[in-house]
file query.cif (mmCIF, C-alpha atoms)
data_model
loop_
_atom_site.label_atom_id
_atom_site.label_comp_id
_atom_site.auth_asym_id
_atom_site.auth_seq_id
_atom_site.Cartn_x
_atom_site.Cartn_y
_atom_site.Cartn_z
CA MET A 76 24.61 -24.68 2.64
CA GLN A 77 22.95 -21.30 3.14
CA SER A 78 25.01 -18.32 4.28
CA ARG A 79 24.46 -16.46 7.51
CA ALA A 80 23.00 -13.60 5.47
CA PHE A 81 20.20 -15.98 4.45
CA ASP A 82 19.39 -16.50 8.13
CA TRP A 83 18.76 -12.77 8.45
CA VAL A 84 16.48 -12.88 5.40
CA VAL A 85 14.45 -15.64 7.06
CA MET A 86 14.31 -13.65 10.29
CA ALA A 87 13.11 -10.58 8.39
CA LEU A 88 10.30 -12.61 6.84
CA LEU A 89 9.29 -13.97 10.24
CA VAL A 90 9.34 -10.47 11.70
CA ALA A 91 7.12 -9.18 8.89
CA ILE A 92 4.66 -12.04 9.40
CA TRP A 93 4.59 -11.99 13.18
CA GLY A 94 4.55 -8.19 13.32
CA SER A 95 0.91 -8.22 12.21
CA GLY A 96 -0.06 -11.31 14.20
CA PHE A 97 -1.47 -9.59 17.28
CA ALA A 98 -3.70 -7.36 15.17
CA PHE A 99 -5.18 -10.41 13.42
CA LEU A 100 -5.54 -12.16 16.78
CA LYS A 101 -7.46 -9.20 18.19
CA VAL A 102 -9.91 -9.40 15.27
CA ALA A 103 -10.23 -13.19 15.44
CA THR A 104 -11.09 -13.30 19.14
CA GLN A 105 -13.89 -10.77 18.77
CA HIS A 106 -16.17 -13.61 17.67
CA ILE A 107 -14.19 -16.80 18.38
CA ASP A 108 -13.31 -17.95 21.90
CA PRO A 109 -9.59 -18.31 22.72
CA LEU A 110 -9.32 -22.11 22.68
CA TRP A 111 -11.29 -22.40 19.45
CA THR A 112 -9.11 -19.70 17.92
CA SER A 113 -6.09 -21.84 18.79
CA ALA A 114 -7.75 -25.00 17.44
CA ILE A 115 -8.81 -23.46 14.13
CA ARG A 116 -5.49 -21.75 13.42
CA THR A 117 -3.44 -24.89 14.21
CA GLY A 118 -5.80 -27.01 12.09
CA VAL A 119 -5.39 -24.64 9.15
CA ALA A 120 -1.63 -24.59 9.76
CA THR A 121 -1.47 -28.41 9.68
CA LEU A 122 -3.29 -28.56 6.34
CA THR A 123 -1.05 -25.81 4.93
CA LEU A 124 2.12 -27.60 5.98
CA ALA A 125 0.85 -30.95 4.68
CA ALA A 126 0.44 -29.31 1.28
CA ALA A 127 3.93 -27.79 1.58
CA MET A 128 5.40 -31.24 2.31
CA LEU A 129 3.69 -32.71 -0.75
CA LEU A 130 4.97 -29.91 -2.97
CA GLN A 131 8.52 -30.48 -1.65
CA GLY A 132 8.30 -34.26 -2.00
CA GLN A 133 8.77 -34.79 1.74
CA ARG A 134 6.93 -37.03 4.18
CA PRO A 135 6.74 -37.46 7.96
CA PRO A 136 9.14 -39.95 9.57
CA PRO A 137 7.95 -43.43 10.65
CA LEU A 138 5.78 -43.42 13.77
CA ARG A 139 8.56 -45.04 15.78
CA HIS A 140 10.89 -42.14 15.05
CA PRO A 141 11.66 -40.17 18.26
CA ALA A 142 10.76 -36.89 16.54
CA TRP A 143 7.06 -37.74 16.97
CA ARG A 144 7.40 -37.77 20.77
CA THR A 145 9.52 -34.63 20.91
CA TYR A 146 7.21 -32.67 18.65
CA LEU A 147 4.21 -33.88 20.66
CA PHE A 148 5.70 -31.93 23.57
CA LEU A 149 6.55 -28.96 21.35
CA GLY A 150 3.11 -28.86 19.76
CA ALA A 151 1.23 -29.06 23.05
CA VAL A 152 3.43 -27.05 25.42
CA GLY A 153 5.12 -24.76 22.90
CA MET A 154 2.20 -23.95 20.61
CA ALA A 155 -1.37 -25.00 21.49
CA ILE A 156 -1.36 -23.93 25.13
CA PRO A 157 0.48 -20.58 24.72
CA LEU A 158 -1.68 -19.70 21.70
CA GLY A 159 -4.70 -20.16 23.92
CA PHE A 160 -3.16 -17.99 26.65
CA PHE A 161 -2.34 -15.20 24.19
CA ALA A 162 -5.83 -15.36 22.68
CA PHE A 163 -7.28 -15.09 26.20
CA ALA A 164 -5.04 -12.10 26.97
CA SER A 165 -5.89 -10.39 23.66
CA GLN A 166 -9.57 -10.41 24.56
CA ARG A 167 -8.96 -8.62 27.85
CA THR A 168 -6.03 -6.25 27.49
CA PRO A 169 -4.55 -3.88 24.85
CA SER A 170 -2.37 -5.42 22.18
CA ALA A 171 0.52 -3.19 23.33
CA VAL A 172 0.52 -4.91 26.72
CA VAL A 173 0.44 -8.32 25.07
CA ALA A 174 3.40 -7.28 22.91
CA ILE A 175 5.40 -6.31 26.02
CA CYS A 176 4.59 -9.65 27.65
CA ASN A 177 5.61 -11.48 24.50
CA GLY A 178 8.83 -9.49 24.63
CA ALA A 179 9.71 -11.38 27.81
CA SER A 180 10.20 -14.52 25.72
CA PRO A 181 13.81 -13.71 24.71
CA ILE A 182 14.62 -13.10 28.38
CA PHE A 183 13.19 -16.49 29.37
CA THR A 184 14.86 -18.10 26.36
CA GLY A 185 18.25 -16.67 27.24
CA LEU A 186 18.00 -17.93 30.82
CA LEU A 187 16.80 -21.42 29.84
CA ALA A 188 19.40 -21.74 27.07
CA HIS A 189 22.10 -20.73 29.55
CA MET A 190 20.97 -23.50 31.93
CA PHE A 191 20.33 -26.30 29.45
CA LEU A 192 22.33 -25.68 26.24
CA ALA A 193 26.10 -25.92 26.55
CA GLY A 194 26.71 -24.00 23.33
CA ASP A 195 24.36 -21.10 24.06
CA ARG A 196 25.57 -19.65 27.35
CA LEU A 197 24.71 -16.10 28.33
CA THR A 198 27.57 -13.64 28.15
CA VAL A 199 27.72 -10.05 29.30
CA ARG A 200 27.19 -8.95 25.67
CA LYS A 201 24.13 -11.19 25.16
CA THR A 202 22.61 -10.18 28.49
CA LEU A 203 23.08 -6.51 27.66
CA GLY A 204 21.52 -7.07 24.24
CA ILE A 205 18.42 -8.70 25.74
CA ALA A 206 18.05 -5.87 28.25
CA VAL A 207 18.51 -3.11 25.67
CA GLY A 208 16.09 -4.80 23.26
CA PHE A 209 13.43 -5.11 25.95
CA ALA A 210 13.92 -1.45 26.87
CA GLY A 211 13.39 -0.54 23.23
CA LEU A 212 10.21 -2.62 23.01
CA THR A 213 8.84 -0.98 26.15
CA THR A 214 9.71 2.49 24.81
CA LEU A 215 7.85 1.73 21.59
CA VAL A 216 4.59 0.54 23.11
CA ALA A 217 4.50 2.66 26.29
CA PRO A 218 2.85 5.70 24.59
CA ARG A 219 -0.12 3.48 23.76
CA LEU A 220 -0.61 2.76 27.45
CA VAL A 221 -0.76 6.31 28.77
CA GLU A 222 -4.28 6.76 27.42
CA GLY A 223 -5.82 5.08 30.45
CA ALA A 224 -6.06 1.52 29.15
CA SER A 225 -6.84 -1.00 31.86
CA VAL A 226 -4.88 -4.20 32.30
CA GLU A 227 -6.42 -7.29 33.88
CA ALA A 228 -4.10 -9.21 36.18
CA MET A 229 -5.24 -12.58 34.82
CA ALA A 230 -4.66 -11.47 31.23
CA LEU A 231 -1.20 -10.21 32.13
CA ALA A 232 -0.33 -13.49 33.87
CA ALA A 233 -1.66 -15.50 30.92
CA ALA A 234 0.46 -13.59 28.41
CA LEU A 235 3.61 -13.87 30.54
CA PHE A 236 3.10 -17.60 31.03
CA GLY A 237 2.56 -17.98 27.30
CA ALA A 238 5.88 -16.23 26.69
CA PHE A 239 7.56 -18.62 29.14
CA LEU A 240 6.12 -21.63 27.31
CA TYR A 241 7.40 -20.21 24.02
CA ALA A 242 10.85 -20.01 25.59
CA ILE A 243 10.68 -23.66 26.65
CA ALA A 244 9.77 -24.61 23.09
CA ASN A 245 12.63 -22.53 21.68
CA VAL A 246 15.16 -24.44 23.76
CA ALA A 247 13.53 -27.86 23.27
CA THR A 248 13.42 -27.41 19.48
CA ARG A 249 17.20 -26.99 19.49
CA THR A 250 17.60 -30.45 21.06
CA ALA A 251 14.90 -32.20 19.01
CA PRO A 252 15.82 -35.14 16.72
CA TYR A 253 16.61 -33.74 13.28
CA VAL A 254 13.90 -33.59 10.65
CA THR A 255 13.62 -31.06 7.83
CA PRO A 256 12.15 -27.69 8.85
CA THR A 257 8.93 -28.36 6.89
CA VAL A 258 8.44 -31.77 8.49
CA GLY A 259 9.27 -30.39 11.94
CA ALA A 260 6.77 -27.57 11.52
CA PHE A 261 4.13 -30.07 10.34
CA LEU A 262 4.66 -32.38 13.32
CA MET A 263 4.52 -29.46 15.73
CA CYS A 264 1.32 -28.03 14.26
CA ALA A 265 -0.36 -31.44 13.97
CA TRP A 266 0.17 -32.20 17.65
CA ALA A 267 -0.81 -28.63 18.53
CA PHE A 268 -4.09 -29.11 16.66
CA VAL A 269 -4.87 -32.36 18.48
CA THR A 270 -4.16 -30.66 21.83
CA ALA A 271 -6.00 -27.43 21.06
CA LEU A 272 -9.06 -29.22 19.66
CA GLY A 273 -9.31 -31.41 22.76
CA LEU A 274 -9.07 -28.39 25.05
CA ALA A 275 -11.61 -26.43 23.00
CA VAL A 276 -14.16 -29.26 22.97
CA ALA A 277 -13.71 -29.81 26.70
CA PHE A 278 -13.87 -26.23 27.96
CA GLU A 279 -15.61 -23.94 25.43
CA PRO A 280 -18.75 -24.06 23.29
CA PRO A 281 -18.10 -24.11 19.54
CA PRO A 282 -18.22 -20.72 17.83
CA ALA A 283 -21.59 -19.59 16.53
CA TRP A 284 -22.01 -20.11 12.79
CA PRO A 285 -21.65 -18.30 10.52
CA ILE A 286 -18.53 -16.67 11.92
CA PRO A 287 -18.42 -12.99 10.87
CA ALA A 288 -16.13 -12.52 7.87
CA PRO A 289 -13.47 -10.33 9.57
CA SER A 290 -12.89 -12.87 12.36
CA LEU A 291 -12.98 -15.81 9.96
CA ILE A 292 -10.46 -14.21 7.58
CA ALA A 293 -8.25 -13.26 10.52
CA VAL A 294 -8.12 -16.78 12.01
CA LEU A 295 -7.54 -18.39 8.59
CA THR A 296 -4.70 -15.96 7.90
CA LEU A 297 -3.19 -16.68 11.30
CA GLY A 298 -3.37 -20.40 10.60
CA ALA A 299 -1.99 -20.48 7.07
CA ILE A 300 0.75 -17.88 7.42
CA SER A 301 1.52 -16.84 11.02
CA THR A 302 1.24 -20.37 12.42
CA GLY A 303 1.79 -22.56 9.36
CA LEU A 304 4.34 -21.33 6.86
CA SER A 305 6.21 -19.18 9.38
CA ASN A 306 6.99 -22.25 11.50
CA ILE A 307 9.14 -23.63 8.69
CA GLY A 308 11.38 -20.60 9.17
CA TYR A 309 11.13 -20.95 12.95
CA VAL A 310 12.41 -24.54 12.98
CA PHE A 311 15.05 -23.66 10.39
CA LEU A 312 16.48 -20.79 12.45
CA VAL A 313 16.46 -22.67 15.76
CA GLN A 314 18.26 -25.61 14.13
CA ARG A 315 20.89 -23.37 12.52
CA ARG A 316 21.40 -20.46 14.88
CA GLY A 317 19.93 -21.46 18.22
CA PRO A 318 16.91 -20.34 20.24
CA LEU A 319 18.18 -16.92 21.35
CA PHE A 320 18.85 -15.73 17.78
CA MET A 321 15.36 -16.74 16.70
CA SER A 322 13.62 -15.31 19.76
CA MET A 323 15.14 -11.85 19.20
CA SER A 324 12.83 -11.51 16.19
CA ILE A 325 10.11 -10.73 18.74
CA TYR A 326 11.78 -7.39 19.43
CA LEU A 327 11.89 -6.50 15.73
CA ALA A 328 8.23 -7.26 14.98
CA PRO A 329 6.84 -3.99 16.45
CA CYS A 330 9.37 -2.06 14.35
CA ILE A 331 7.93 -3.62 11.19
CA ALA A 332 4.40 -2.82 12.33
CA THR A 333 5.38 0.81 12.92
CA GLY A 334 7.08 1.06 9.52
CA LEU A 335 4.03 -0.40 7.76
CA GLY A 336 1.84 2.15 9.53
CA MET A 337 4.01 4.98 8.24
CA ALA A 338 4.17 3.64 4.68
CA ALA A 339 0.61 2.40 4.20
CA LEU A 340 -1.47 4.49 6.59
CA GLY A 341 0.41 7.77 6.67
CA GLU A 342 1.03 7.49 10.41
CA ARG A 343 3.67 9.78 11.90
CA PRO A 344 5.00 8.28 15.13
CA GLY A 345 6.69 10.54 17.65
CA TRP A 346 10.30 10.56 18.72
CA PRO A 347 9.90 7.64 21.20
CA ALA A 348 9.35 5.31 18.22
CA PHE A 349 12.68 6.24 16.69
CA VAL A 350 14.50 5.98 20.03
CA ALA A 351 12.91 2.55 20.45
CA LEU A 352 14.02 1.51 16.98
CA GLY A 353 17.61 2.42 17.80
CA LEU A 354 17.52 0.55 21.11
CA ILE A 355 15.99 -2.54 19.52
CA LEU A 356 18.52 -2.67 16.70
CA VAL A 357 21.41 -2.25 19.13
CA GLY A 358 19.97 -4.91 21.40
CA VAL A 359 19.44 -7.42 18.61
CA GLY A 360 22.95 -6.78 17.32
CA LEU A 361 24.52 -7.31 20.74
CA ALA A 362 22.56 -10.48 21.45
CA THR A 363 22.90 -12.23 18.09
CA MET A 364 26.07 -11.17 16.28
CA SER A 365 29.19 -13.15 17.01
CA PRO A 366 32.25 -11.10 17.96
CA ARG A 367 34.85 -10.94 15.22
CA ARG A 368 37.77 -13.21 15.92
CA VAL A 369 41.25 -11.79 15.56
CA PRO A 370 43.40 -14.22 13.59
CA ALA A 371 46.39 -15.60 15.39
CA THR A 372 49.74 -14.14 14.39
#
call {"tool": "encode", "arguments": {"input": "query.cif", "output": "structure tokens"}}
result
Amino acid sequence: MQSRAFDWVVMALLVAIWGSGFAFLKVATQHIDPLWTSAIRTGVATLTLAAAMLLQGQRPPPLRHPAWRTYLFLGAVGMAIPLGFFAFASQRTPSAVVAICNGASPIFTGLLAHMFLAGDRLTVRKTLGIAVGFAGLTTLVAPRLVEGASVEAMALAAALFGAFLYAIANVATRTAPYVTPTVGAFLMCAWAFVTALGLAVAFEPPPAWPIPAPSLIAVLTLGAISTGLSNIGYVFLVQRRGPLFMSMSIYLAPCIATGLGMAALGERPGWPAFVALGLILVGVGLATMSPRRVPAT
């Protein structure tokens, strides 16, 4: 049985992976339409997770197992459709705006968990943590928006709806029939691929071939790592710690991206970045850490 410290290690890995996801998505959608981006990345993710299952000696449950039906819903509503919405938004609005919209997911998750999960009710502390974390995220990305970037209403609505669908998936994953995290991630991505491919064939022309190398590398990376391997950690954390704990990683991802920019690119962010970092860390701590119990005397 892993310790709670291990959960934070998994979250840190997810944050590092997802922190670069919007940059890769921006590159991928330069030459691949949104629905095809979703189809390709979920297809690559399914193959990656199938290989991971083989290496771990695992296999999917029998077709009559209820997990197939639950993960059909999770793959379609919680992955394929929101991935398409975020790809659509990334084509039409700055990545900073998309990051803010994605930051609404913990808010939606907290509200849905409060309504549908008896063991994950909102408290004053959790609500304050969500609010402080969102304030930190907004503080971090706001300087990127003062340069006159335009925001399309449809792109904004698409990103917000995608965040809402992610929240539904976070809560539904908590109640799903138990399978191992690798098998759960495989089932989710497999159904997401079926859904995304059907939508892409129905509504968009296939991407022109050959796909330029930057977009091709970006979508393959998104599929193998951001959508494939990271979903093992996603299912693991939701099963162990609940949807709100996992969703708070969204607030930490921009912090990782900022830190990588300082270390690798020599960027020197201004004081709002450090204020944002403090707010985000306080918010995540308030929303996820259990209060210490005083032993009875």
call {"tool": "atom_distance", "arguments": {"input": "query.cif", "atom1": "CA of Thr248 in chain A", "atom2": "CA of Phe320 in chain A"}}
result
13.0 Å
call {"tool": "resolve_selection", "arguments": {"input": "query.cif", "expression": "the PyMOL selection byres ((chain A and resi 113-123) around 9)", "output": "ChimeraX atom specification"}}
result
/A:108-112,124-128,154-159,162,260-275,294-304
call {"tool": "resolve_selection", "arguments": {"input": "query.cif", "expression": "the PyMOL selection byres ((chain A and resi 164) around 7)", "output": "list in words"}}
result
Phe160, Phe161, Ala162, Phe163, Ser165, Gln166, Arg167, Thr168, Val173, Ala230, Leu231, Ala233 and Ala234 of chain A
call {"tool": "residues_around", "arguments": {"input": "query.cif", "residues": "Ala244 in chain A", "least_positions_apart": "4", "cutoff": "7 Å", "atoms": "only C-alpha atoms", "output": "ChimeraX atom specification"}}
result
/A:149,153,240,248
call {"tool": "atom_distance", "arguments": {"input": "query.cif", "atom1": "CA of Leu192 in chain A", "atom2": "CA of Pro137 in chain A"}}
result
27.7 Å
call {"tool": "atom_distance", "arguments": {"input": "query.cif", "atom1": "CA of Val254 in chain A", "atom2": "CA of Pro135 in chain A"}}
result
8.6 Å
call {"tool": "resolve_selection", "arguments": {"input": "query.cif", "expression": "the PyMOL selection byres ((chain A and resi 89) around 10)", "output": "JSON, numbers by chain"}}
result
{"A": [83, 84, 85, 86, 87, 88, 90, 91, 92, 93, 94, 300, 301, 304, 305, 306, 307, 308, 309, 321, 324, 325, 327, 328]}
call {"tool": "closest_residue", "arguments": {"input": "query.cif", "among": "A:Gly317, A:Gly96, A:Pro181, A:Gly360", "to": "Gly204 in chain A", "atoms": "only C-alpha atoms"}}
result
A:Gly360
call {"tool": "closest_residue", "arguments": {"input": "query.cif", "among": "A:Gly185, A:Gly353, A:Gly358, A:Pro282", "to": "Thr104 in chain A", "atoms": "only C-alpha atoms"}}
result
A:Pro282
call {"tool": "residues_near_point", "arguments": {"input": "query.cif", "point": "(17.4, -11.7, 26.7)", "cutoff": "7 Å", "atoms": "only C-alpha atoms", "output": "PyMOL selection string"}}
result
chain A and resi 181-185+201-202+204-206
call {"tool": "residues_around", "arguments": {"input": "query.cif", "residues": "Ser290 in chain A", "least_positions_apart": "5", "cutoff": "7 Å", "atoms": "all atoms listed in the file", "output": "ChimeraX atom specification"}}
result
/A:102-103,105-106
